[in-house]
$ cat structure-v9.cif   # mmCIF, C-alpha atoms
data_upload
#
loop_
_atom_site.group_PDB
_atom_site.id
_atom_site.type_symbol
_atom_site.label_atom_id
_atom_site.label_comp_id
_atom_site.auth_asym_id
_atom_site.auth_seq_id
_atom_site.Cartn_x
_atom_site.Cartn_y
_atom_site.Cartn_z
ATOM 1 C CA MET E 238 -0.614 12.130 -16.892
ATOM 2 C CA LEU E 239 -0.411 11.318 -20.607
ATOM 3 C CA LYS E 240 3.261 12.309 -20.563
ATOM 4 C CA TYR E 241 4.116 9.664 -17.928
ATOM 5 C CA LEU E 242 2.253 6.931 -19.806
ATOM 6 C CA PHE E 243 3.916 7.936 -23.087
ATOM 7 C CA ASN E 244 7.347 7.855 -21.473
ATOM 8 C CA LEU E 245 6.607 4.360 -20.127
ATOM 9 C CA ILE E 246 5.074 2.875 -23.270
ATOM 10 C CA VAL E 247 7.730 4.074 -25.736
ATOM 11 C CA PRO E 248 10.582 2.251 -23.926
ATOM 12 C CA ILE E 249 8.479 -0.938 -23.669
ATOM 13 C CA VAL E 250 7.807 -0.964 -27.429
ATOM 14 C CA ALA E 251 11.449 -0.093 -28.085
ATOM 15 C CA VAL E 252 12.632 -3.039 -25.944
ATOM 16 C CA TYR E 253 10.238 -5.399 -27.743
ATOM 17 C CA TYR E 254 11.504 -4.393 -31.186
ATOM 18 C CA ALA E 255 15.142 -4.261 -30.156
ATOM 19 C CA LEU E 256 14.950 -7.827 -28.824
ATOM 20 C CA SER E 257 13.226 -9.151 -31.957
ATOM 21 C CA LEU E 258 15.596 -7.327 -34.344
ATOM 22 C CA LEU E 259 18.919 -8.165 -32.685
ATOM 23 C CA ASP E 260 20.001 -11.705 -33.568
ATOM 24 C CA GLY E 261 21.599 -13.771 -30.854
ATOM 25 C CA VAL E 262 20.305 -11.709 -27.941
ATOM 26 C CA GLU E 263 18.088 -13.757 -25.645
ATOM 27 C CA SER E 264 14.918 -12.120 -24.359
ATOM 28 C CA ASN E 265 15.610 -13.028 -20.752
ATOM 29 C CA LEU E 266 14.927 -10.863 -17.734
ATOM 30 C CA ILE E 267 18.368 -9.285 -17.355
ATOM 31 C CA ASN E 268 18.665 -8.249 -21.008
ATOM 32 C CA SER E 269 15.168 -6.807 -21.217
ATOM 33 C CA THR E 270 15.412 -4.997 -17.859
ATOM 34 C CA GLY E 271 18.718 -3.467 -18.907
ATOM 35 C CA LEU E 272 17.319 -2.333 -22.264
ATOM 36 C CA PHE E 273 14.213 -0.902 -20.586
ATOM 37 C CA VAL E 274 16.229 1.030 -17.988
ATOM 38 C CA GLY E 275 18.473 2.386 -20.742
ATOM 39 C CA PHE E 276 15.597 3.583 -22.950
ATOM 40 C CA TYR E 277 13.696 5.003 -19.983
ATOM 41 C CA LEU E 278 16.746 6.909 -18.706
ATOM 42 C CA ILE E 279 17.129 8.534 -22.125
ATOM 43 C CA MET E 280 13.452 9.571 -22.157
ATOM 44 C CA TRP E 281 13.648 10.860 -18.577
ATOM 45 C CA LEU E 282 16.868 12.833 -18.954
ATOM 46 C CA SER E 283 15.719 14.431 -22.209
ATOM 47 C CA SER E 284 12.496 15.530 -20.484
ATOM 48 C CA PHE E 285 14.654 18.027 -18.549
ATOM 49 C CA LEU E 286 14.797 20.062 -21.786
ATOM 50 C CA TYR E 287 11.058 20.321 -22.464
ATOM 51 C CA SER E 288 9.300 19.769 -19.100
ATOM 52 C CA LYS E 289 10.961 20.387 -15.729
ATOM 53 C CA THR E 290 7.752 19.276 -13.960
ATOM 54 C CA HIS E 291 8.000 15.808 -15.448
ATOM 55 C CA PHE E 292 11.693 15.571 -14.607
ATOM 56 C CA TYR E 293 11.218 16.269 -10.881
ATOM 57 C CA GLN E 294 7.904 14.413 -10.673
ATOM 58 C CA VAL E 295 9.577 11.130 -11.682
ATOM 59 C CA ILE E 296 12.065 11.547 -8.815
ATOM 60 C CA ARG E 297 9.228 12.190 -6.351
ATOM 61 C CA ILE E 298 7.162 9.215 -7.540
ATOM 62 C CA ALA E 299 10.176 6.894 -7.374
ATOM 63 C CA SER E 300 11.085 7.958 -3.839
ATOM 64 C CA PHE E 301 7.445 7.584 -2.773
ATOM 65 C CA THR E 302 7.382 4.040 -4.194
ATOM 66 C CA VAL E 303 10.551 3.106 -2.292
ATOM 67 C CA TYR E 304 9.151 4.632 0.938
ATOM 68 C CA PHE E 305 5.845 2.776 0.479
ATOM 69 C CA PHE E 306 7.444 -0.636 -0.027
ATOM 70 C CA LYS E 307 9.749 -0.050 2.968
ATOM 71 C CA GLU E 308 6.751 0.787 5.191
ATOM 72 C CA LEU E 309 4.772 -2.190 3.815
ATOM 73 C CA PHE E 310 7.573 -4.623 4.603
ATOM 74 C CA ILE E 311 8.409 -3.284 8.094
ATOM 75 C CA ALA E 312 4.780 -3.126 9.222
ATOM 76 C CA THR E 313 3.914 -6.568 7.821
ATOM 77 C CA LEU E 314 6.842 -8.080 9.723
ATOM 78 C CA ARG E 315 5.650 -6.342 12.901
ATOM 79 C CA VAL E 316 2.099 -7.680 12.593
ATOM 80 C CA ALA E 317 3.409 -11.153 11.676
ATOM 81 C CA TYR E 318 5.632 -11.154 14.786
ATOM 82 C CA ASP E 319 2.637 -10.196 16.905
ATOM 83 C CA ILE E 320 0.544 -13.032 15.441
ATOM 84 C CA VAL E 321 3.187 -15.733 15.883
ATOM 85 C CA THR E 322 4.339 -14.933 19.445
ATOM 86 C CA PRO E 323 1.905 -15.786 22.254
ATOM 87 C CA ASN E 324 1.751 -12.312 23.876
ATOM 88 C CA THR E 325 -0.184 -9.588 22.101
ATOM 89 C CA TYR E 326 0.918 -5.951 22.102
ATOM 90 C CA ILE E 327 -2.084 -4.651 20.188
ATOM 91 C CA THR E 328 -3.649 -1.457 21.583
ATOM 92 C CA PRO E 329 -6.271 -0.568 18.967
ATOM 93 C CA SER E 330 -7.967 2.788 18.634
ATOM 94 C CA VAL E 331 -9.981 4.731 16.070
ATOM 95 C CA LEU E 332 -8.507 8.163 15.348
ATOM 96 C CA ALA E 333 -9.928 11.127 13.450
ATOM 97 C CA ILE E 334 -7.040 12.459 11.398
ATOM 98 C CA PRO E 335 -7.407 16.036 10.100
ATOM 99 C CA MET E 336 -6.603 16.064 6.388
ATOM 100 C CA ASP E 337 -4.928 18.738 4.285
ATOM 101 C CA ALA E 338 -5.928 16.805 1.152
ATOM 102 C CA GLU E 339 -8.898 18.435 -0.538
ATOM 103 C CA THR E 340 -9.702 17.019 -3.969
ATOM 104 C CA ASP E 341 -11.214 13.582 -4.511
ATOM 105 C CA VAL E 342 -8.036 12.193 -6.074
ATOM 106 C CA GLU E 343 -5.887 13.213 -3.092
ATOM 107 C CA ILE E 344 -8.346 11.784 -0.552
ATOM 108 C CA THR E 345 -8.666 8.500 -2.484
ATOM 109 C CA LEU E 346 -4.893 8.112 -2.775
ATOM 110 C CA LEU E 347 -4.350 8.898 0.922
ATOM 111 C CA ALA E 348 -7.071 6.484 2.111
ATOM 112 C CA SER E 349 -5.816 3.690 -0.171
ATOM 113 C CA PHE E 350 -2.189 4.005 0.898
ATOM 114 C CA ILE E 351 -3.154 4.162 4.593
ATOM 115 C CA THR E 352 -5.179 0.969 4.127
ATOM 116 C CA LEU E 353 -2.279 -0.730 2.341
ATOM 117 C CA THR E 354 0.098 -0.106 5.265
ATOM 118 C CA PRO E 355 -0.464 -2.889 7.809
ATOM 119 C CA GLY E 356 -1.627 -1.741 11.229
ATOM 120 C CA THR E 357 -3.805 1.024 9.826
ATOM 121 C CA LEU E 358 -7.199 0.760 8.133
ATOM 122 C CA SER E 359 -9.130 3.767 6.884
ATOM 123 C CA ILE E 360 -12.792 3.315 7.783
ATOM 124 C CA ASP E 361 -14.534 6.421 6.442
ATOM 125 C CA VAL E 362 -14.251 10.085 5.526
ATOM 126 C CA SER E 363 -16.291 12.597 7.524
ATOM 127 C CA ASP E 364 -19.155 14.400 5.763
ATOM 128 C CA ASP E 365 -17.281 17.685 5.281
ATOM 129 C CA ASN E 366 -14.159 15.918 3.897
ATOM 130 C CA LYS E 367 -12.054 17.308 6.759
ATOM 131 C CA PHE E 368 -11.327 14.155 8.784
ATOM 132 C CA LEU E 369 -10.296 10.633 7.922
ATOM 133 C CA TYR E 370 -11.286 7.947 10.427
ATOM 134 C CA VAL E 371 -8.414 5.488 10.764
ATOM 135 C CA HIS E 372 -8.333 2.268 12.797
ATOM 136 C CA THR E 373 -4.782 1.770 14.101
ATOM 137 C CA LEU E 374 -3.345 -1.271 15.852
ATOM 138 C CA TYR E 375 -0.419 0.317 17.695
ATOM 139 C CA LEU E 376 -0.396 3.546 19.714
ATOM 140 C CA GLU E 377 3.262 4.519 20.142
ATOM 141 C CA GLY E 378 3.751 5.772 23.695
ATOM 142 C CA ASP E 379 -0.032 5.922 24.283
ATOM 143 C CA ASP E 380 -0.071 9.207 22.369
ATOM 144 C CA PRO E 381 -2.647 9.573 19.563
ATOM 145 C CA GLU E 382 -1.069 12.857 18.440
ATOM 146 C CA GLN E 383 2.180 11.091 17.603
ATOM 147 C CA VAL E 384 0.417 8.561 15.352
ATOM 148 C CA LYS E 385 -1.459 11.385 13.614
ATOM 149 C CA ARG E 386 1.766 13.323 13.100
ATOM 150 C CA SER E 387 3.585 10.298 11.678
ATOM 151 C CA ILE E 388 0.785 9.697 9.124
ATOM 152 C CA LYS E 389 0.560 13.383 8.195
ATOM 153 C CA GLU E 390 4.316 13.807 7.773
ATOM 154 C CA GLY E 391 4.829 10.423 6.138
ATOM 155 C CA PHE E 392 2.159 9.597 3.585
ATOM 156 C CA GLU E 393 0.130 12.798 3.354
ATOM 157 C CA ARG E 394 3.081 15.139 2.842
ATOM 158 C CA ARG E 395 4.543 12.915 0.111
ATOM 159 C CA ILE E 396 1.219 12.478 -1.714
ATOM 160 C CA LEU E 397 0.506 16.220 -1.622
ATOM 161 C CA GLU E 398 4.006 16.936 -2.930
ATOM 162 C CA ILE E 399 3.211 14.770 -5.939
ATOM 163 C CA THR E 400 -0.327 16.024 -6.650
ATOM 164 C CA ARG E 401 0.394 19.722 -6.032
ATOM 165 C CA ALA E 402 3.725 20.008 -7.839
ATOM 166 C CA LYS E 403 4.211 23.423 -9.419
ATOM 167 C CA ASP E 404 7.738 23.671 -10.776
ATOM 168 C CA MET M 173 23.041 -19.909 -13.403
ATOM 169 C CA ASP M 174 19.863 -21.982 -13.733
ATOM 170 C CA LEU M 175 20.347 -23.443 -10.260
ATOM 171 C CA PHE M 176 20.924 -19.946 -8.848
ATOM 172 C CA ILE M 177 17.679 -18.652 -10.423
ATOM 173 C CA GLU M 178 15.747 -21.636 -9.098
ATOM 174 C CA ILE M 179 17.056 -21.152 -5.556
ATOM 175 C CA ILE M 180 16.186 -17.432 -5.511
ATOM 176 C CA SER M 181 12.686 -17.939 -6.931
ATOM 177 C CA SER M 182 11.886 -20.777 -4.534
ATOM 178 C CA ILE M 183 13.053 -18.687 -1.550
ATOM 179 C CA LEU M 184 10.791 -15.817 -2.657
ATOM 180 C CA ILE M 185 7.795 -18.131 -3.176
ATOM 181 C CA LEU M 186 8.364 -19.738 0.241
ATOM 182 C CA ILE M 187 8.507 -16.336 1.981
ATOM 183 C CA GLY M 188 5.295 -15.266 0.215
ATOM 184 C CA ALA M 189 3.498 -18.469 1.184
ATOM 185 C CA GLY M 190 4.781 -18.013 4.745
ATOM 186 C CA PHE M 191 3.256 -14.530 4.930
ATOM 187 C CA MET M 192 -0.074 -15.907 3.699
ATOM 188 C CA GLY M 193 0.096 -18.754 6.235
ATOM 189 C CA ILE M 194 0.776 -16.299 9.074
ATOM 190 C CA ALA M 195 -2.172 -14.201 7.860
ATOM 191 C CA SER M 196 -4.488 -17.197 8.076
ATOM 192 C CA ILE M 197 -3.222 -17.994 11.597
ATOM 193 C CA GLY M 198 -3.999 -14.373 12.447
ATOM 194 C CA MET M 199 -7.526 -14.897 11.190
ATOM 195 C CA LEU M 200 -7.999 -17.325 14.096
ATOM 196 C CA ARG M 201 -5.937 -15.519 16.747
ATOM 197 C CA LEU M 202 -6.781 -11.828 16.436
ATOM 198 C CA PRO M 203 -9.604 -10.516 18.638
ATOM 199 C CA ASP M 204 -12.076 -8.630 16.459
ATOM 200 C CA PHE M 205 -13.223 -7.982 12.908
ATOM 201 C CA TYR M 206 -11.417 -4.662 12.320
ATOM 202 C CA ILE M 207 -8.053 -5.892 13.601
ATOM 203 C CA ARG M 208 -8.355 -8.939 11.332
ATOM 204 C CA MET M 209 -9.169 -6.734 8.352
ATOM 205 C CA SER M 210 -6.253 -4.373 8.926
ATOM 206 C CA ALA M 211 -3.755 -7.132 9.611
ATOM 207 C CA ILE M 212 -4.714 -9.586 6.915
ATOM 208 C CA THR M 213 -5.448 -7.750 3.651
ATOM 209 C CA LYS M 214 -1.886 -6.439 3.607
ATOM 210 C CA ALA M 215 -0.158 -9.705 4.440
ATOM 211 C CA ALA M 216 -2.091 -11.279 1.563
ATOM 212 C CA THR M 217 -1.068 -8.452 -0.794
ATOM 213 C CA LEU M 218 2.603 -8.768 0.095
ATOM 214 C CA GLY M 219 2.412 -12.569 -0.163
ATOM 215 C CA THR M 220 0.871 -12.354 -3.634
ATOM 216 C CA GLY M 221 3.549 -9.870 -4.690
ATOM 217 C CA LEU M 222 6.409 -12.091 -3.507
ATOM 218 C CA ILE M 223 4.938 -15.214 -5.157
ATOM 219 C CA ILE M 224 4.518 -13.348 -8.468
ATOM 220 C CA LEU M 225 8.093 -12.038 -8.211
ATOM 221 C CA GLY M 226 9.334 -15.588 -7.692
ATOM 222 C CA ILE M 227 7.403 -16.806 -10.745
ATOM 223 C CA VAL M 228 8.742 -13.955 -12.910
ATOM 224 C CA ILE M 229 12.319 -14.716 -11.883
ATOM 225 C CA TYR M 230 11.815 -18.445 -12.526
ATOM 226 C CA PHE M 231 10.438 -18.068 -16.071
ATOM 227 C CA ASN M 232 13.002 -15.370 -16.907
ATOM 228 C CA ASP M 233 11.019 -13.928 -19.809
ATOM 229 C CA LEU M 234 9.912 -10.437 -20.861
ATOM 230 C CA VAL M 235 6.255 -11.245 -21.584
ATOM 231 C CA ILE M 236 5.715 -13.039 -18.276
ATOM 232 C CA ALA M 237 7.398 -10.162 -16.419
ATOM 233 C CA GLY M 238 4.889 -7.764 -18.008
ATOM 234 C CA LYS M 239 1.970 -9.982 -17.015
ATOM 235 C CA GLY M 240 3.250 -10.246 -13.446
ATOM 236 C CA PHE M 241 3.619 -6.464 -13.215
ATOM 237 C CA VAL M 242 0.020 -5.987 -14.408
ATOM 238 C CA ILE M 243 -1.323 -8.573 -11.910
ATOM 239 C CA PHE M 244 0.501 -6.915 -9.001
ATOM 240 C CA THR M 245 -0.660 -3.424 -10.040
ATOM 241 C CA PHE M 246 -4.301 -4.469 -10.130
ATOM 242 C CA THR M 247 -4.023 -6.305 -6.784
ATOM 243 C CA ILE M 248 -2.631 -3.143 -5.171
ATOM 244 C CA LEU M 249 -5.364 -1.030 -6.813
ATOM 245 C CA THR M 250 -8.334 -3.180 -5.797
ATOM 246 C CA SER M 251 -7.507 -4.625 -2.355
ATOM 247 C CA PRO M 252 -7.571 -1.332 -0.343
ATOM 248 C CA VAL M 253 -10.867 -0.298 -1.939
ATOM 249 C CA ALA M 254 -12.427 -3.642 -0.979
ATOM 250 C CA ALA M 255 -11.075 -3.411 2.600
ATOM 251 C CA HIS M 256 -12.354 0.148 2.925
ATOM 252 C CA ILE M 257 -15.883 -0.721 1.710
ATOM 253 C CA ILE M 258 -16.137 -3.847 3.900
ATOM 254 C CA SER M 259 -15.032 -2.037 7.085
ATOM 255 C CA ARG M 260 -17.344 0.915 6.349
ATOM 256 C CA ALA M 261 -20.286 -1.441 5.900
ATOM 257 C CA ALA M 262 -19.311 -3.219 9.150
ATOM 258 C CA THR M 263 -19.296 0.005 11.200
ATOM 259 C CA ARG M 264 -22.714 0.950 9.859
ATOM 260 C CA LYS M 265 -24.139 -2.530 10.353
ATOM 261 C CA GLY M 266 -23.024 -2.614 13.995
ATOM 262 C CA VAL M 267 -20.161 -5.118 14.153
ATOM 263 C CA PRO M 268 -18.755 -4.665 17.717
ATOM 264 C CA PHE M 269 -15.274 -3.322 18.462
ATOM 265 C CA TRP M 270 -12.922 -5.175 20.788
ATOM 266 C CA GLY M 271 -13.314 -4.147 24.464
ATOM 267 C CA LYS M 272 -9.890 -2.448 24.616
ATOM 268 C CA THR M 273 -10.475 -0.331 21.532
ATOM 269 C CA ASP M 274 -10.325 3.436 22.111
ATOM 270 C CA VAL M 275 -13.285 4.886 20.156
ATOM 271 C CA LYS M 276 -13.297 8.336 21.804
ATOM 272 C CA GLU M 277 -12.844 10.288 18.579
ATOM 273 C CA PHE M 278 -15.224 8.039 16.651
ATOM 274 C CA GLU M 279 -18.312 8.294 18.864
ATOM 275 C CA GLY M 280 -19.929 11.152 16.956
ATOM 276 C CA TYR M 281 -19.792 9.150 13.742
ATOM 277 C CA LEU M 282 -21.089 6.026 15.435
ATOM 278 C CA LYS M 283 -24.030 7.925 17.004
ATOM 279 C CA LYS M 284 -24.944 9.316 13.614
ATOM 280 C CA TYR M 285 -24.709 6.243 11.412
ATOM 281 C CA ARG M 286 -24.780 3.093 13.490
ATOM 282 C CA ARG M 287 -28.148 1.350 13.730
ATOM 283 C CA VAL M 288 -27.236 -0.832 16.774
ATOM 284 C CA GLU M 289 -25.953 0.378 20.154
ATOM 285 C CA LEU M 290 -22.226 -0.079 20.799
ATOM 286 C CA GLU M 291 -21.584 -3.253 22.740
ATOM 287 C CA LYS M 292 -18.503 -3.177 24.980
ATOM 288 C CA GLU M 293 -17.936 -6.885 25.165
ATOM 289 C CA ASP M 294 -14.585 -8.567 25.543
ATOM 290 C CA ILE M 295 -14.426 -11.384 23.011
ATOM 291 C CA TYR M 296 -10.699 -12.117 23.054
#

$ encode --input "structure-v9.cif" --output "structure tokens"
Amino acid sequence: MLKYLFNLIVPIVAVYYALSLLDGVESNLINSTGLFVGFYLIMWLSSFLYSKTHFYQVIRIASFTVYFFKELFIATLRVAYDIVTPNTYITPSVLAIPMDAETDVEITLLASFITLTPGTLSIDVSDDNKFLYVHTLYLEGDDPEQVKRSIKEGFERRILEITRAKD
Amino acid sequence: MDLFIEIISSILILIGAGFMGIASIGMLRLPDFYIRMSAITKAATLGTGLIILGIVIYFNDLVIAGKGFVIFTFTILTSPVAAHIISRAATRKGVPFWGKTDVKEFEGYLKKYRRVELEKEDIY
């Protein structure tokens, strides 16, 4: 965890000093983003030499972020369409999703990301930490198993890949 | 270049405000408490994110970009926790589900924790 923060903070400080030391370079968004990406790429690529875990973990976190924002945008548009048009296609249900996540961090991350995706809202965790109760708006094909599978193979698999990385 | 930046940032701010406006229409139109919660918290998060992105692009400055990033991070950290706590309190307090809601897998939990009997009333 400290390694990721260190690799983020060093490029930020480096960008700040580079912009104040170089005369005639404006500190606008394009210059500073370019400098940051350059410094961060150097830090990331050199981490291949001392920590393979960090190297692959950055790829996983980045792809998870892209996947999350894609899901957020698609689902928000879907709910917005349903609100604006007169007909409603909402078929709500409360599902008990069996979790593979075990530790507190994994369960918290999974519940938060399920809540952040529109159309799903995590209500509670069962007492033995085995099930997550999720309120969903849309049942695809009237099949609860399909919704469960899409959550397990979408968010849960990606989160567990990040938290249980070994290599 | 300045005109280009202004056009892009105003488009982003308008889209964000549009999402928030649709969310507040949904507050009136959607049938029950849980559907409102799950539809609205996210539209508000995305709207805030787009408005902040528009502001960052308009000011075109490193320090303001950092501040915008921090604001968006903390919004994304806090809003699901708040939604989770509010809906959990609502289930325990006995806020009714919409008549069409399928609560088959949830009945054991409701029997255990809910203080009021489940009312199957259609309020849409």

$ closest_atom_pairs --input "structure-v9.cif" --of "chain E" --to "chain M" --cutoff "7 Å" --atoms "all atoms listed in the file" --output "Markdown table"
| residue | atom | partner | partner_atom | distance |
| --- | --- | --- | --- | --- |
| E:Ser264 | CA | M:Asp233 | CA | 6.3 |
| E:Asn265 | CA | M:Asp233 | CA | 4.8 |
| E:Leu266 | CA | M:Asn232 | CA | 5.0 |
| E:Ser269 | CA | M:Leu234 | CA | 6.4 |
| E:Thr313 | CA | M:Ala215 | CA | 6.2 |
| E:Val316 | CA | M:Ala211 | CA | 6.6 |
| E:Ala317 | CA | M:Ile194 | CA | 6.3 |
| E:Ile320 | CA | M:Gly198 | CA | 5.6 |
| E:Thr328 | CA | M:Thr273 | CA | 6.9 |
| E:Pro329 | CA | M:Thr273 | CA | 4.9 |
| E:Ser330 | CA | M:Asp274 | CA | 4.3 |
| E:Val331 | CA | M:Val275 | CA | 5.3 |
| E:Leu332 | CA | M:Glu277 | CA | 5.8 |
| E:Ala333 | CA | M:Glu277 | CA | 6.0 |
| E:Ser349 | CA | M:Pro252 | CA | 5.3 |
| E:Thr352 | CA | M:Pro252 | CA | 5.6 |
| E:Leu353 | CA | M:Lys214 | CA | 5.9 |
| E:Thr354 | CA | M:Lys214 | CA | 6.8 |
| E:Pro355 | CA | M:Ala211 | CA | 5.7 |
| E:Gly356 | CA | M:Ser210 | CA | 5.8 |
| E:Thr357 | CA | M:Ser210 | CA | 6.0 |
| E:Leu358 | CA | M:Ser210 | CA | 5.3 |
| E:Ser359 | CA | M:His256 | CA | 6.3 |
| E:Ile360 | CA | M:Arg260 | CA | 5.3 |
| E:Asp361 | CA | M:Arg260 | CA | 6.2 |
| E:Leu374 | CA | M:Ile207 | CA | 7.0 |

$ atom_distance --input "structure-v9.cif" --atom1 "atom CA of E:Leu278" --atom2 "atom CA of E:Tyr253"
16.6 Å

$ atom_distance --input "structure-v9.cif" --atom1 "atom CA of E:Leu397" --atom2 "atom CA of E:Leu347"
9.1 Å

$ resolve_selection --input "structure-v9.cif" --expression "the PyMOL selection byres ((chain M and resi 185) around 10)" --output "ChimeraX atom specification"
/M:180-184,186-191,219-227

$ write_last_selection --input "structure-v9.cif" --atoms "C-alpha atoms" --output "short mmCIF file (atom, residue, chain, number, x, y, z; two decimals), keeping the file's coordinate frame"
data_model
loop_
_atom_site.label_atom_id
_atom_site.label_comp_id
_atom_site.auth_asym_id
_atom_site.auth_seq_id
_atom_site.Cartn_x
_atom_site.Cartn_y
_atom_site.Cartn_z
CA ILE M 180 16.19 -17.43 -5.51
CA SER M 181 12.69 -17.94 -6.93
CA SER M 182 11.89 -20.78 -4.53
CA ILE M 183 13.05 -18.69 -1.55
CA LEU M 184 10.79 -15.82 -2.66
CA LEU M 186 8.36 -19.74 0.24
CA ILE M 187 8.51 -16.34 1.98
CA GLY M 188 5.30 -15.27 0.22
CA ALA M 189 3.50 -18.47 1.18
CA GLY M 190 4.78 -18.01 4.74
CA PHE M 191 3.26 -14.53 4.93
CA GLY M 219 2.41 -12.57 -0.16
CA THR M 220 0.87 -12.35 -3.63
CA GLY M 221 3.55 -9.87 -4.69
CA LEU M 222 6.41 -12.09 -3.51
CA ILE M 223 4.94 -15.21 -5.16
CA ILE M 224 4.52 -13.35 -8.47
CA LEU M 225 8.09 -12.04 -8.21
CA GLY M 226 9.33 -15.59 -7.69
CA ILE M 227 7.40 -16.81 -10.74
#

$ atom_distance --input "structure-v9.cif" --atom1 "atom CA of E:Val342" --atom2 "atom CA of M:Val242"
21.6 Å

$ resolve_selection --input "structure-v9.cif" --expression "the PyMOL selection byres ((chain E and resi 299-302) around 12)" --output "compact mmCIF listing (two decimals) with C-alpha atoms, in the frame of the given file"
# COMPACT_ATOMS: atom_id res chain seq x y z
CA PHE E 292 11.69 15.57 -14.61
CA TYR E 293 11.22 16.27 -10.88
CA GLN E 294 7.90 14.41 -10.67
CA VAL E 295 9.58 11.13 -11.68
CA ILE E 296 12.06 11.55 -8.82
CA ARG E 297 9.23 12.19 -6.35
CA ILE E 298 7.16 9.22 -7.54
CA VAL E 303 10.55 3.11 -2.29
CA TYR E 304 9.15 4.63 0.94
CA PHE E 305 5.84 2.78 0.48
CA PHE E 306 7.44 -0.64 -0.03
CA LYS E 307 9.75 -0.05 2.97
CA GLU E 308 6.75 0.79 5.19
CA LEU E 309 4.77 -2.19 3.82
CA PHE E 350 -2.19 4.00 0.90
CA GLY E 391 4.83 10.42 6.14
CA PHE E 392 2.16 9.60 3.58
CA GLU E 393 0.13 12.80 3.35
CA ARG E 394 3.08 15.14 2.84
CA ARG E 395 4.54 12.92 0.11
CA ILE E 396 1.22 12.48 -1.71
CA LEU E 397 0.51 16.22 -1.62
CA GLU E 398 4.01 16.94 -2.93
CA ILE E 399 3.21 14.77 -5.94

$ residues_near_point --input "structure-v9.cif" --point "(-7.2, 16.4, 7.0)" --cutoff "7 Å" --atoms "only C-alpha atoms" --output "PyMOL selection string"
chain E and resi 334-338+367-369
